[in-house]
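Novice: My questions all concern the structure below.
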Protein chains: 2
Amino acid sequence: MQTTPAATEHATPADICSAPPRRHPRPDGQDRYTISEVVAFTGLTAHTLRWYERIGLMPHIDRSHTGQRRYRNRDLDWLDFVTKLRLTGMPVADMVRYAELVREGEDTYAERQALLESTRRDVLNRIAELRDTLAVLDRKISFYATEGTTR
Amino acid sequence: MQTTPAATEHATPADICSAPPRRHPRPDGQDRYTISEVVAFTGLTAHTLRWYERIGLMPHIDRSHTGQRRYRNRDLDWLDFVTKLRLTGMPVADMVRYAELVREGEDTYAERQALLESTRRDVLNRIAELRDTLAVLDRKISFYATEGTTR
DNA sequence: AGCTTGCTTGGAGTGCACTCCAACGCCATA
DNA sequence: TATGGCGTTGGAGTGCACTCCAAGCAAGCT
């Protein structure tokens with residue numbers, strides 16, 4: 001494991017460019033959270049959090065002296081990002097791939113960029129499809145609304 | 001094997017986003033299609049079409065004198081709608097529920113409207129989430145773009 | 001007549017993303 | 001010292017949405 005201060009500074013290079021708006025406010029100045037706190041912040045289950053770690057979707061999580069997980073703010077940032085990726089419908093395997101690239105360091109910037117750009121295109125397509133669907137729904141809803149009231 | 005140019009046309013995923021409305025035009029004036037024609041129109045597999053019928057997501061499909069399915073235009077319309085609902089992430093069970101309401105006739109207009117309105121809210125939320133995700137992706141992508149070129 | 005193609009069925013299998021289980025450890029409070 | 005609460009693990013189980021299989025039938029072509 002890397003333990004140099006430099007490594008700590010940009011331990012997860014992905015985090016440098018992320019300043020996410022927080023939906024689950026974290027206590028200020030704290031940087032060690034139990035798994036149940038993370039459950040409360042993220043809405044994920046403890047099972048899922050452990051499973052993410054097992055499959056390599058999470059970096060190694062710090063442990064207390066008794067072996068319990070202590071999540072740090074950068075882990076929560078990463079979880080926020082993963083949750084967003086999941087919402088796009090990206091398969092977990094692809095997210096794991098991205099996580100691997102992050103672990104491999106700066107040499108993978110280009111590949112990470114390509115991966116995210118492909119995801120970006122997927123998201124745009126998905127939004128377009130959803131807007132299409134919305135139009136169909138609106139048409140049907142207004143049909144039911146008028147038919148329901150005029151008879 | 002199919003040798004139509006259409007098969008070649010949608011080989012590249014890039015074309016998908018430039019072909020929004022009807023990717024598989026139906027022949028004019030026809031109203032009886034074999035299962036394999038419907039496969040070509042919808043992109044669903046024959047397995048899935050039969051499964052949809054078994055679980056009650058499709059109405060009873062007409063049969064030829066030999067017992068083979070003959071889909072009609074209204075069946076294709078229904079499949080288009082189902083496909084849109086599926087894109088919203090609606091569980092199949094909910095779609096089956098809607099199909100049941102349709103079979104039960106006009107008395108269920110109000111309930112159908114409520115169901116679609118709830119779906120509509122889901123779709124709007126989903127679009128908002130995706131836009132959020134898009135913002136995050138753009139931030140990261142531009143980070144990788146500048147970092148990748150400046151070093 | 002023989003062969004190929006397309007379609008039929010019920011039931012079993014697959015892949016994904018969790019989700020749960022049993023057995024156990026640590027530790028604070030009563 | 002005991003009880004409750006929170007945490008740990010590997011492995012097995014679950015639910016969803018397909019997906020495939022084997023065996024068979026009917027029609028069309030040579």
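As shown in the structure tokens, the chain order sets the letters A, B, ...; within each chain, residues go from 1, and ligands are also counted from 1 in the order they appear.
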If you run DSSP over the backbone, which residues in stretch 12-133 of chain A end up alpha helix (DSSP H)? Put them as a PyMOL selection string.

Specialist: chain A and resi 35-42+46-54+73-87+92-104+109-133

Novice: List as CSV every residue of chain B that is in contact with chain C, defined as an atom at most 10 Å from one of its atoms (using only C-alpha atoms (C1' of nucleotides)), together with the nearest atom pair and the distance in Å rounded to one decimal, sorted by chain and then rising number.

Specialist:
```
residue,atom,partner,partner_atom,distance
B:Thr34,CA,C:DC7,C1',9.1
B:Ile35,CA,C:DC7,C1',8.4
B:Ser36,CA,C:DG6,C1',8.7
B:Thr66,CA,C:DC7,C1',9.5
B:Gly67,CA,C:DT8,C1',7.8
B:Gln68,CA,C:DC7,C1',6.3
B:Arg69,CA,C:DC7,C1',8.5
```

Novice: Got time to write the residues from that selection, N, CA, C and O atoms, as a PDB file, in the first residue's frame?

Specialist:
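Once written, selection28.pdb looks like this:
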```pdb
ATOM      1  N   THR B  34     -45.645 -12.185 -38.779  1.00  0.00           N
ATOM      2  CA  THR B  34     -45.111 -13.339 -38.053  1.00  0.00           C
ATOM      3  C   THR B  34     -44.253 -12.839 -36.901  1.00  0.00           C
ATOM      4  O   THR B  34     -43.879 -11.661 -36.837  1.00  0.00           O
ATOM      5  N   ILE B  35     -43.929 -13.755 -36.027  1.00  0.00           N
ATOM      6  CA  ILE B  35     -43.136 -13.385 -34.859  1.00  0.00           C
ATOM      7  C   ILE B  35     -41.770 -12.854 -35.289  1.00  0.00           C
ATOM      8  O   ILE B  35     -41.228 -11.928 -34.676  1.00  0.00           O
ATOM      9  N   SER B  36     -41.219 -13.416 -36.349  1.00  0.00           N
ATOM     10  CA  SER B  36     -39.873 -12.974 -36.744  1.00  0.00           C
ATOM     11  C   SER B  36     -39.934 -11.564 -37.350  1.00  0.00           C
ATOM     12  O   SER B  36     -38.977 -10.791 -37.226  1.00  0.00           O
ATOM     13  N   THR B  66     -52.603 -22.677 -38.607  1.00  0.00           N
ATOM     14  CA  THR B  66     -51.682 -23.696 -38.093  1.00  0.00           C
ATOM     15  C   THR B  66     -51.228 -23.385 -36.675  1.00  0.00           C
ATOM     16  O   THR B  66     -50.324 -24.036 -36.161  1.00  0.00           O
ATOM     17  N   GLY B  67     -51.791 -22.374 -36.076  1.00  0.00           N
ATOM     18  CA  GLY B  67     -51.457 -22.089 -34.682  1.00  0.00           C
ATOM     19  C   GLY B  67     -50.305 -21.110 -34.487  1.00  0.00           C
ATOM     20  O   GLY B  67     -49.904 -20.861 -33.356  1.00  0.00           O
ATOM     21  N   GLN B  68     -49.791 -20.569 -35.579  1.00  0.00           N
ATOM     22  CA  GLN B  68     -48.696 -19.607 -35.432  1.00  0.00           C
ATOM     23  C   GLN B  68     -49.233 -18.202 -35.147  1.00  0.00           C
ATOM     24  O   GLN B  68     -50.310 -17.839 -35.599  1.00  0.00           O
ATOM     25  N   ARG B  69     -48.461 -17.446 -34.401  1.00  0.00           N
ATOM     26  CA  ARG B  69     -48.887 -16.088 -34.042  1.00  0.00           C
ATOM     27  C   ARG B  69     -48.909 -15.180 -35.266  1.00  0.00           C
ATOM     28  O   ARG B  69     -47.994 -15.215 -36.094  1.00  0.00           O
TER      29      ARG B  69
END
```

Novice: Find the nearest atom pair between each residue of chain B and chain A for residues within 7 Å, count only C-alpha atoms, give distances in Å to one decimal, sort rows by chain and ascending number, and present the table as a Markdown table.

Specialist:
```
| residue | atom | partner | partner_atom | distance |
| --- | --- | --- | --- | --- |
| B:Cys17 | CA | A:Asn125 | CA | 6.2 |
| B:Lys84 | CA | A:Thr133 | CA | 5.7 |
| B:Thr88 | CA | A:Leu130 | CA | 6.7 |
| B:Tyr109 | CA | A:Tyr144 | CA | 5.8 |
| B:Ala110 | CA | A:Gly148 | CA | 6.6 |
| B:Gln113 | CA | A:Ile141 | CA | 5.5 |
| B:Leu116 | CA | A:Leu137 | CA | 6.5 |
| B:Glu117 | CA | A:Ile141 | CA | 6.9 |
| B:Arg120 | CA | A:Leu134 | CA | 6.5 |
| B:Val123 | CA | A:Leu130 | CA | 6.6 |
| B:Ile127 | CA | A:Ile127 | CA | 5.9 |
| B:Leu130 | CA | A:Val123 | CA | 6.6 |
| B:Thr133 | CA | A:Lys84 | CA | 5.7 |
| B:Leu134 | CA | A:Arg120 | CA | 6.5 |
| B:Leu137 | CA | A:Leu116 | CA | 6.5 |
| B:Arg139 | CA | A:Cys17 | CA | 6.7 |
| B:Lys140 | CA | A:Cys17 | CA | 5.7 |
| B:Ile141 | CA | A:Gln113 | CA | 5.5 |
| B:Phe143 | CA | A:Cys17 | CA | 6.1 |
| B:Tyr144 | CA | A:Tyr109 | CA | 5.8 |
| B:Gly148 | CA | A:Tyr109 | CA | 6.2 |
```

Novice: Would you save the residues from that selection as an mmCIF file, in the first residue's frame, using N, CA, C and O atoms?

Specialist:
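Result file follows (part.cif):
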```cif
data_model
loop_
_atom_site.group_PDB
_atom_site.id
_atom_site.type_symbol
_atom_site.label_atom_id
_atom_site.label_comp_id
_atom_site.auth_asym_id
_atom_site.auth_seq_id
_atom_site.Cartn_x
_atom_site.Cartn_y
_atom_site.Cartn_z
ATOM 1 N N CYS B 17 -28.500 7.418 -32.067
ATOM 2 C CA CYS B 17 -28.950 8.704 -31.561
ATOM 3 C C CYS B 17 -29.439 9.627 -32.665
ATOM 4 O O CYS B 17 -30.043 10.646 -32.410
ATOM 5 N N LYS B 84 -41.340 1.628 -24.349
ATOM 6 C CA LYS B 84 -41.085 2.943 -23.738
ATOM 7 C C LYS B 84 -41.190 2.863 -22.219
ATOM 8 O O LYS B 84 -40.352 3.402 -21.488
ATOM 9 N N THR B 88 -38.280 3.436 -18.937
ATOM 10 C CA THR B 88 -38.383 4.261 -17.732
ATOM 11 C C THR B 88 -37.928 3.505 -16.496
ATOM 12 O O THR B 88 -37.815 4.086 -15.425
ATOM 13 N N TYR B 109 -60.321 3.854 -16.410
ATOM 14 C CA TYR B 109 -59.636 5.048 -16.913
ATOM 15 C C TYR B 109 -58.927 5.819 -15.792
ATOM 16 O O TYR B 109 -57.768 6.214 -15.924
ATOM 17 N N ALA B 110 -59.641 6.023 -14.696
ATOM 18 C CA ALA B 110 -59.070 6.834 -13.619
ATOM 19 C C ALA B 110 -57.812 6.180 -13.052
ATOM 20 O O ALA B 110 -56.784 6.839 -12.843
ATOM 21 N N GLN B 113 -54.979 6.445 -15.458
ATOM 22 C CA GLN B 113 -54.431 7.802 -15.455
ATOM 23 C C GLN B 113 -53.498 8.005 -14.260
ATOM 24 O O GLN B 113 -52.391 8.533 -14.398
ATOM 25 N N LEU B 116 -50.217 6.220 -14.810
ATOM 26 C CA LEU B 116 -49.333 6.897 -15.761
ATOM 27 C C LEU B 116 -48.783 8.191 -15.180
ATOM 28 O O LEU B 116 -47.644 8.573 -15.454
ATOM 29 N N GLU B 117 -49.598 8.867 -14.359
ATOM 30 C CA GLU B 117 -49.103 10.098 -13.754
ATOM 31 C C GLU B 117 -47.967 9.814 -12.772
ATOM 32 O O GLU B 117 -47.001 10.570 -12.696
ATOM 33 N N ARG B 120 -45.060 9.202 -14.831
ATOM 34 C CA ARG B 120 -44.576 10.474 -15.365
ATOM 35 C C ARG B 120 -43.661 11.174 -14.349
ATOM 36 O O ARG B 120 -42.602 11.694 -14.702
ATOM 37 N N VAL B 123 -40.369 9.531 -14.326
ATOM 38 C CA VAL B 123 -39.561 9.875 -15.500
ATOM 39 C C VAL B 123 -38.927 11.254 -15.308
ATOM 40 O O VAL B 123 -37.740 11.446 -15.594
ATOM 41 N N ILE B 127 -34.969 12.015 -15.249
ATOM 42 C CA ILE B 127 -34.315 12.978 -16.149
ATOM 43 C C ILE B 127 -33.475 13.958 -15.325
ATOM 44 O O ILE B 127 -32.334 14.270 -15.681
ATOM 45 N N LEU B 130 -30.366 12.292 -14.201
ATOM 46 C CA LEU B 130 -29.426 12.104 -15.302
ATOM 47 C C LEU B 130 -28.732 13.422 -15.646
ATOM 48 O O LEU B 130 -27.543 13.433 -15.966
ATOM 49 N N THR B 133 -26.071 13.886 -13.185
ATOM 50 C CA THR B 133 -24.951 13.006 -13.513
ATOM 51 C C THR B 133 -24.155 13.577 -14.671
ATOM 52 O O THR B 133 -22.921 13.537 -14.681
ATOM 53 N N LEU B 134 -24.869 14.113 -15.640
ATOM 54 C CA LEU B 134 -24.207 14.700 -16.802
ATOM 55 C C LEU B 134 -23.265 15.817 -16.383
ATOM 56 O O LEU B 134 -22.146 15.936 -16.895
ATOM 57 N N LEU B 137 -20.190 14.265 -14.934
ATOM 58 C CA LEU B 137 -19.370 13.689 -16.003
ATOM 59 C C LEU B 137 -18.621 14.784 -16.744
ATOM 60 O O LEU B 137 -17.418 14.655 -17.011
ATOM 61 N N ARG B 139 -17.711 17.663 -15.709
ATOM 62 C CA ARG B 139 -16.649 18.205 -14.876
ATOM 63 C C ARG B 139 -15.419 17.289 -14.909
ATOM 64 O O ARG B 139 -14.290 17.732 -15.119
ATOM 65 N N LYS B 140 -15.679 16.000 -14.754
ATOM 66 C CA LYS B 140 -14.556 15.067 -14.744
ATOM 67 C C LYS B 140 -13.892 14.982 -16.110
ATOM 68 O O LYS B 140 -12.665 14.921 -16.221
ATOM 69 N N ILE B 141 -14.711 14.963 -17.139
ATOM 70 C CA ILE B 141 -14.148 14.849 -18.487
ATOM 71 C C ILE B 141 -13.243 16.038 -18.782
ATOM 72 O O ILE B 141 -12.129 15.878 -19.297
ATOM 73 N N PHE B 143 -11.724 17.833 -16.675
ATOM 74 C CA PHE B 143 -10.513 17.683 -15.859
ATOM 75 C C PHE B 143 -9.496 16.790 -16.575
ATOM 76 O O PHE B 143 -8.334 17.156 -16.731
ATOM 77 N N TYR B 144 -9.967 15.631 -17.028
ATOM 78 C CA TYR B 144 -9.049 14.709 -17.697
ATOM 79 C C TYR B 144 -8.515 15.329 -18.989
ATOM 80 O O TYR B 144 -7.352 15.114 -19.350
ATOM 81 N N GLY B 148 -4.724 15.869 -19.103
ATOM 82 C CA GLY B 148 -4.100 14.967 -20.064
ATOM 83 C C GLY B 148 -3.236 15.716 -21.064
ATOM 84 O O GLY B 148 -2.239 15.182 -21.548
#
```

Novice: Taking only C-alpha atoms (C1' of nucleotides) into account, which residues of chain D are within 9 Å of chain A, as number ranges by chain?

Specialist: D: 6-8

Novice: Got time to write the residues from that selection, all heavy atoms, as a PDB file, in the first residue's frame?

Specialist:
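Heads up, here's the output in selection.pdb:
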```pdb
ATOM      1  P    DC D   6     -27.412  -0.658  17.252  1.00  0.00           P
ATOM      2  OP1  DC D   6     -27.744   0.778  17.234  1.00  0.00           O
ATOM      3  OP2  DC D   6     -28.351  -1.669  16.732  1.00  0.00           O
ATOM      4  O5'  DC D   6     -26.031  -0.838  16.473  1.00  0.00           O
ATOM      5  C5'  DC D   6     -24.864  -0.162  16.927  1.00  0.00           C
ATOM      6  C4'  DC D   6     -23.642  -0.924  16.474  1.00  0.00           C
ATOM      7  O4'  DC D   6     -23.619  -2.210  17.117  1.00  0.00           O
ATOM      8  C3'  DC D   6     -23.632  -1.217  14.965  1.00  0.00           C
ATOM      9  O3'  DC D   6     -22.565  -0.492  14.348  1.00  0.00           O
ATOM     10  C2'  DC D   6     -23.425  -2.720  14.866  1.00  0.00           C
ATOM     11  C1'  DC D   6     -22.917  -3.079  16.260  1.00  0.00           C
ATOM     12  N1   DC D   6     -23.192  -4.490  16.622  1.00  0.00           N
ATOM     13  C2   DC D   6     -22.125  -5.337  16.917  1.00  0.00           C
ATOM     14  O2   DC D   6     -20.976  -4.896  16.875  1.00  0.00           O
ATOM     15  N3   DC D   6     -22.370  -6.636  17.235  1.00  0.00           N
ATOM     16  C4   DC D   6     -23.621  -7.081  17.269  1.00  0.00           C
ATOM     17  N4   DC D   6     -23.822  -8.362  17.586  1.00  0.00           N
ATOM     18  C5   DC D   6     -24.731  -6.235  16.976  1.00  0.00           C
ATOM     19  C6   DC D   6     -24.469  -4.955  16.662  1.00  0.00           C
ATOM     20  P    DG D   7     -22.374  -0.495  12.790  1.00  0.00           P
ATOM     21  OP1  DG D   7     -21.712   0.761  12.408  1.00  0.00           O
ATOM     22  OP2  DG D   7     -23.658  -0.904  12.166  1.00  0.00           O
ATOM     23  O5'  DG D   7     -21.346  -1.702  12.593  1.00  0.00           O
ATOM     24  C5'  DG D   7     -19.977  -1.518  12.934  1.00  0.00           C
ATOM     25  C4'  DG D   7     -19.270  -2.849  12.984  1.00  0.00           C
ATOM     26  O4'  DG D   7     -20.008  -3.754  13.819  1.00  0.00           O
ATOM     27  C3'  DG D   7     -19.184  -3.599  11.665  1.00  0.00           C
ATOM     28  O3'  DG D   7     -18.043  -3.177  10.917  1.00  0.00           O
ATOM     29  C2'  DG D   7     -18.983  -5.051  12.124  1.00  0.00           C
ATOM     30  C1'  DG D   7     -19.549  -5.056  13.526  1.00  0.00           C
ATOM     31  N9   DG D   7     -20.662  -5.997  13.688  1.00  0.00           N
ATOM     32  C8   DG D   7     -22.005  -5.727  13.630  1.00  0.00           C
ATOM     33  N7   DG D   7     -22.747  -6.773  13.830  1.00  0.00           N
ATOM     34  C5   DG D   7     -21.843  -7.805  14.023  1.00  0.00           C
ATOM     35  C6   DG D   7     -22.047  -9.175  14.280  1.00  0.00           C
ATOM     36  O6   DG D   7     -23.120  -9.787  14.390  1.00  0.00           O
ATOM     37  N1   DG D   7     -20.845  -9.874  14.414  1.00  0.00           N
ATOM     38  C2   DG D   7     -19.597  -9.304  14.304  1.00  0.00           C
ATOM     39  N2   DG D   7     -18.542 -10.113  14.446  1.00  0.00           N
ATOM     40  N3   DG D   7     -19.384  -8.012  14.080  1.00  0.00           N
ATOM     41  C4   DG D   7     -20.550  -7.330  13.937  1.00  0.00           C
ATOM     42  P    DT D   8     -17.792  -3.805   9.481  1.00  0.00           P
ATOM     43  OP1  DT D   8     -16.651  -3.069   8.909  1.00  0.00           O
ATOM     44  OP2  DT D   8     -19.076  -3.827   8.781  1.00  0.00           O
ATOM     45  O5'  DT D   8     -17.344  -5.307   9.749  1.00  0.00           O
ATOM     46  C5'  DT D   8     -16.056  -5.577  10.308  1.00  0.00           C
ATOM     47  C4'  DT D   8     -15.826  -7.080  10.400  1.00  0.00           C
ATOM     48  O4'  DT D   8     -16.777  -7.667  11.317  1.00  0.00           O
ATOM     49  C3'  DT D   8     -16.052  -7.837   9.105  1.00  0.00           C
ATOM     50  O3'  DT D   8     -14.887  -7.761   8.279  1.00  0.00           O
ATOM     51  C2'  DT D   8     -16.283  -9.249   9.622  1.00  0.00           C
ATOM     52  C1'  DT D   8     -17.012  -9.015  10.947  1.00  0.00           C
ATOM     53  N1   DT D   8     -18.491  -9.252  10.910  1.00  0.00           N
ATOM     54  C2   DT D   8     -18.960 -10.509  11.142  1.00  0.00           C
ATOM     55  O2   DT D   8     -18.247 -11.476  11.336  1.00  0.00           O
ATOM     56  N3   DT D   8     -20.331 -10.625  11.118  1.00  0.00           N
ATOM     57  C4   DT D   8     -21.244  -9.614  10.910  1.00  0.00           C
ATOM     58  O4   DT D   8     -22.451  -9.851  10.923  1.00  0.00           O
ATOM     59  C5   DT D   8     -20.677  -8.312  10.659  1.00  0.00           C
ATOM     60  C7   DT D   8     -21.581  -7.145  10.408  1.00  0.00           C
ATOM     61  C6   DT D   8     -19.332  -8.187  10.671  1.00  0.00           C
TER      62       DT D   8
END
```

Novice: Got a sec: who's within 10 Å of A:Tyr33, counting only C-alpha atoms (C1' of nucleotides), leaving out chain neighbours fewer than 3 positions off, as a list in words?

Specialist: Arg26, Pro27, Gln30, Ser36, Glu37, Val38, Val39, Phe41, Asp62, Arg69, Arg70, Tyr71, Arg72, Asn73, Asp75 and Leu76 of chain A

Novice: Could you list, as a ChimeraX atom specification, every residue within 12 Å of B:Val92, counting only C-alpha atoms (C1' of nucleotides) and ignoring same-chain residues fewer than 4 positions away?

Specialist: /B:48,51-52,55-58,82-88,96-99 /D:16-18

Novice: Take atom CA of A:Ala93 and atom C1' of D:DC21 and report the distance between them in Å, one decimal.

Specialist: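 Atom CA of A:Ala93 sits 28.4 Å away from atom C1' of D:DC21.
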
Novice: What does the distance from atom C1' of D:DG10 to atom CA of A:His60 come to in Å, to one decimal?

Specialist: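 For atom C1' of D:DG10 relative to atom CA of A:His60, the distance reads 18.1 Å.
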